[in-house]
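For reference, the structure is listed below as structure tokens.
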Amino acid sequence: MFIDTHAHIQMHEFDHDRIEALARAADAGIGLMITVGYHLEASRKAVEAADRYPQVYAGVGIHPHDAGTYDDAVEENLRNLAKYPKVVAIGETGLDFFRNRAPHEVQVAAFRRQIWLARELDLPLIVHDRDAHQETMQLLQEEAAQAVLLHCFSGDLAMAEEALARGYYVSIAGPVTYPKNELLREVVRKVKTDRLLLETDCPFLPPQAFRGQRNEPAYLLHTAQGVARVLGIRLDELGRLTTDNASRLFRLPS
Ligand SMILES: [Zn+2]
């Protein structure tokens with residue numbers, strides 16, 4: 001069994017076939033998934049999906065693209081949503097200095113407050129970091145973030161090493177299957193063991209076999225096969241390992 005630790009099945013891309021996509025995921029051995037919010041409405045929808053489908057859990061948070069919307073009222077809404085027992089994380093939050101849809105200082109402020117919120121609520125933090133590796137790692141340290149998941153990891157070996165030294169979890173997505181992404185495969189070899197997680201980030205970032213198409217939770221299996229090959233372990237071993245890791249981090253029922 002595998003857990004997709006970062007999906008967005010609440011998005012409209014799944015409105016026409018959500019139930020079928022969830023069934024395909026189950027057939028592929030994806031037993032659980034965490035559907036992740038990125039603004040307040042998406043966080044609400046994530047909680048609704050968790051309420052509707054037994055295999056779905058939720059994260060609630062404000063993505064750096066929407067950092068400009070973060071204020072006391074939004075935070076209070078997130079706090080209330082997080083009371084729902086199937087909300088297992090704050091996020092996704094973080095920094096995106098690639099698209100820069102919000103000014104850097106606005107992103108930093110919203111990220112800081114969500115690190116505090118995660119600490120206050122004793123929930124793990126799902127971190128989005130694009131072209132902001134140094135700043136992300138610095139803020140997490142400054143604000144003493146507790147349980148951290150670096151989602152869709154795109155840093156280098158030194159960053160992976162630092163993340164492990166701090167006890168952070170590192171999540172690997174479809175790009176590990178891209179022929180050119182040898183760096184991410186090296187990261188996988190470094191992270192292996194007890195901090196490694198798998199995700200689709202669907203509908204984005206499909207693995208190599210589905211590039212150009214909508215990604216979905218069932219395709220996690222392709223990413224898992226790629227990672228198992230890199231590590232030279234059996235698929236079922238990888239499943240056990242990453243499921244244990246995700247269950248520990250998100251305190252999922254066994
Ligand atoms: Zn995402």
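Ordered as shown in the structure tokens, chains take letters A, B, and onward, while each chain numbers its residues from 1 and ligands are numbered from 1 in the order shown.
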List every residue of stretch 112-229 of chain A that has an atom at most 6 Å from any atom of stretch 89-96 of chain A, giving for each one its closest atom pair and the distance in Å to one decimal, counting only C-alpha atoms, sorted by chain and then by ascending residue number, as JSON lines.
{"residue": "A:Ala118", "atom": "CA", "partner": "A:Ile90", "partner_atom": "CA", "distance": 5.8}
{"residue": "A:Leu123", "atom": "CA", "partner": "A:Ala89", "partner_atom": "CA", "distance": 5.2}
{"residue": "A:Pro124", "atom": "CA", "partner": "A:Ala89", "partner_atom": "CA", "distance": 5.0}
{"residue": "A:Leu125", "atom": "CA", "partner": "A:Ile90", "partner_atom": "CA", "distance": 5.0}
{"residue": "A:Ile126", "atom": "CA", "partner": "A:Gly91", "partner_atom": "CA", "distance": 4.7}
{"residue": "A:Val127", "atom": "CA", "partner": "A:Gly94", "partner_atom": "CA", "distance": 5.1}
{"residue": "A:His128", "atom": "CA", "partner": "A:Gly94", "partner_atom": "CA", "distance": 4.7}
{"residue": "A:Asp129", "atom": "CA", "partner": "A:Leu95", "partner_atom": "CA", "distance": 5.1}
{"residue": "A:Arg130", "atom": "CA", "partner": "A:Asp96", "partner_atom": "CA", "distance": 4.7}
Would you save the residues of that selection, restricted to N, CA and C atoms, as an mmCIF file, in the first residue's frame?
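Ended up saving to selection_11.cif:
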data_model
loop_
_atom_site.group_PDB
_atom_site.id
_atom_site.type_symbol
_atom_site.label_atom_id
_atom_site.label_comp_id
_atom_site.auth_asym_id
_atom_site.auth_seq_id
_atom_site.Cartn_x
_atom_site.Cartn_y
_atom_site.Cartn_z
ATOM 1 N N ALA A 118 1.158 26.085 12.855
ATOM 2 C CA ALA A 118 1.420 24.639 12.942
ATOM 3 C C ALA A 118 1.950 24.271 14.326
ATOM 4 N N LEU A 123 0.614 20.491 14.582
ATOM 5 C CA LEU A 123 0.415 19.763 13.319
ATOM 6 C C LEU A 123 1.674 19.894 12.468
ATOM 7 N N PRO A 124 1.963 18.882 11.652
ATOM 8 C CA PRO A 124 3.091 19.026 10.730
ATOM 9 C C PRO A 124 2.822 20.089 9.665
ATOM 10 N N LEU A 125 3.907 20.593 9.102
ATOM 11 C CA LEU A 125 3.846 21.693 8.154
ATOM 12 C C LEU A 125 4.247 21.174 6.779
ATOM 13 N N ILE A 126 3.408 21.415 5.767
ATOM 14 C CA ILE A 126 3.734 21.024 4.390
ATOM 15 C C ILE A 126 4.294 22.248 3.678
ATOM 16 N N VAL A 127 5.559 22.148 3.274
ATOM 17 C CA VAL A 127 6.285 23.318 2.781
ATOM 18 C C VAL A 127 6.512 23.233 1.274
ATOM 19 N N HIS A 128 6.095 24.293 0.589
ATOM 20 C CA HIS A 128 6.362 24.479 -0.837
ATOM 21 C C HIS A 128 7.568 25.413 -0.956
ATOM 22 N N ASP A 129 8.568 24.967 -1.694
ATOM 23 C CA ASP A 129 9.772 25.797 -1.882
ATOM 24 C C ASP A 129 10.173 25.728 -3.337
ATOM 25 N N ARG A 130 10.040 26.853 -4.027
ATOM 26 C CA ARG A 130 10.506 26.889 -5.412
ATOM 27 C C ARG A 130 11.473 28.050 -5.564
#
Which polymer residues have any atom within 12 Å of an atom of A:Asn100, counting only C-alpha atoms, with same-chain residues fewer than 5 positions away left out, as an mmCIF file with C-alpha atoms, in the first residue's frame?
data_model
loop_
_atom_site.group_PDB
_atom_site.id
_atom_site.type_symbol
_atom_site.label_atom_id
_atom_site.label_comp_id
_atom_site.auth_asym_id
_atom_site.auth_seq_id
_atom_site.Cartn_x
_atom_site.Cartn_y
_atom_site.Cartn_z
ATOM 1 C CA HIS A 63 0.176 28.806 -0.756
ATOM 2 C CA PRO A 64 2.820 31.501 -1.340
ATOM 3 C CA HIS A 65 0.969 32.517 -4.533
ATOM 4 C CA ASP A 66 -1.944 33.586 -2.308
ATOM 5 C CA ALA A 67 0.159 34.929 0.552
ATOM 6 C CA GLY A 68 -1.418 38.366 -0.015
ATOM 7 C CA LEU A 95 8.034 30.470 -0.623
ATOM 8 C CA GLU A 105 8.155 40.029 2.064
ATOM 9 C CA VAL A 106 4.446 39.153 1.847
ATOM 10 C CA GLN A 107 5.301 35.501 1.226
ATOM 11 C CA VAL A 108 7.736 35.504 4.135
ATOM 12 C CA ASP A 129 9.772 25.797 -1.882
ATOM 13 C CA ARG A 130 10.506 26.889 -5.412
ATOM 14 C CA ASP A 131 13.750 28.722 -6.100
ATOM 15 C CA ALA A 132 13.854 29.815 -2.470
#
May I ask you to write as a PyMOL selection string all residues lying at most 10 Å from ligand 1, with only C-alpha atoms and all ligand atoms counted?
chain A and resi 5-8+35-38+63+91-93+126-128+151-152+199-205
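The nearest approach to A:Ile172 among the residues A:Pro103, A:Asp4, A:Lys83, A:Pro253, with only C-alpha atoms taken into account, belongs to A:Asp4.
With only C-alpha atoms as the basis for measurement, A:Glu142 is the residue among A:Glu142, A:Thr177, A:His222, A:Ala228 that approaches A:Trp116 most closely.
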Proximity check stretch 91-160 of chain A to stretch 179-185 of chain A, 12 Å, nearest pairs one decimal Å, only C-alpha atoms, as JSON lines:
{"residue": "A:Cys152", "atom": "CA", "partner": "A:Leu184", "partner_atom": "CA", "distance": 10.1}
{"residue": "A:Phe153", "atom": "CA", "partner": "A:Leu184", "partner_atom": "CA", "distance": 8.0}
{"residue": "A:Ser154", "atom": "CA", "partner": "A:Leu184", "partner_atom": "CA", "distance": 7.1}
{"residue": "A:Gly155", "atom": "CA", "partner": "A:Leu184", "partner_atom": "CA", "distance": 8.1}
{"residue": "A:Asp156", "atom": "CA", "partner": "A:Leu183", "partner_atom": "CA", "distance": 7.0}
{"residue": "A:Leu157", "atom": "CA", "partner": "A:Leu183", "partner_atom": "CA", "distance": 7.9}
{"residue": "A:Ala158", "atom": "CA", "partner": "A:Leu183", "partner_atom": "CA", "distance": 11.4}
{"residue": "A:Met159", "atom": "CA", "partner": "A:Leu184", "partner_atom": "CA", "distance": 11.7}
{"residue": "A:Ala160", "atom": "CA", "partner": "A:Leu184", "partner_atom": "CA", "distance": 10.0}
Please indicate the distance in Å from atom CA of A:Phe98 to atom CA of A:His133, rounded to one decimal place.
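If I compute the distance from atom CA of A:Phe98 to atom CA of A:His133, I get 11.2 Å.
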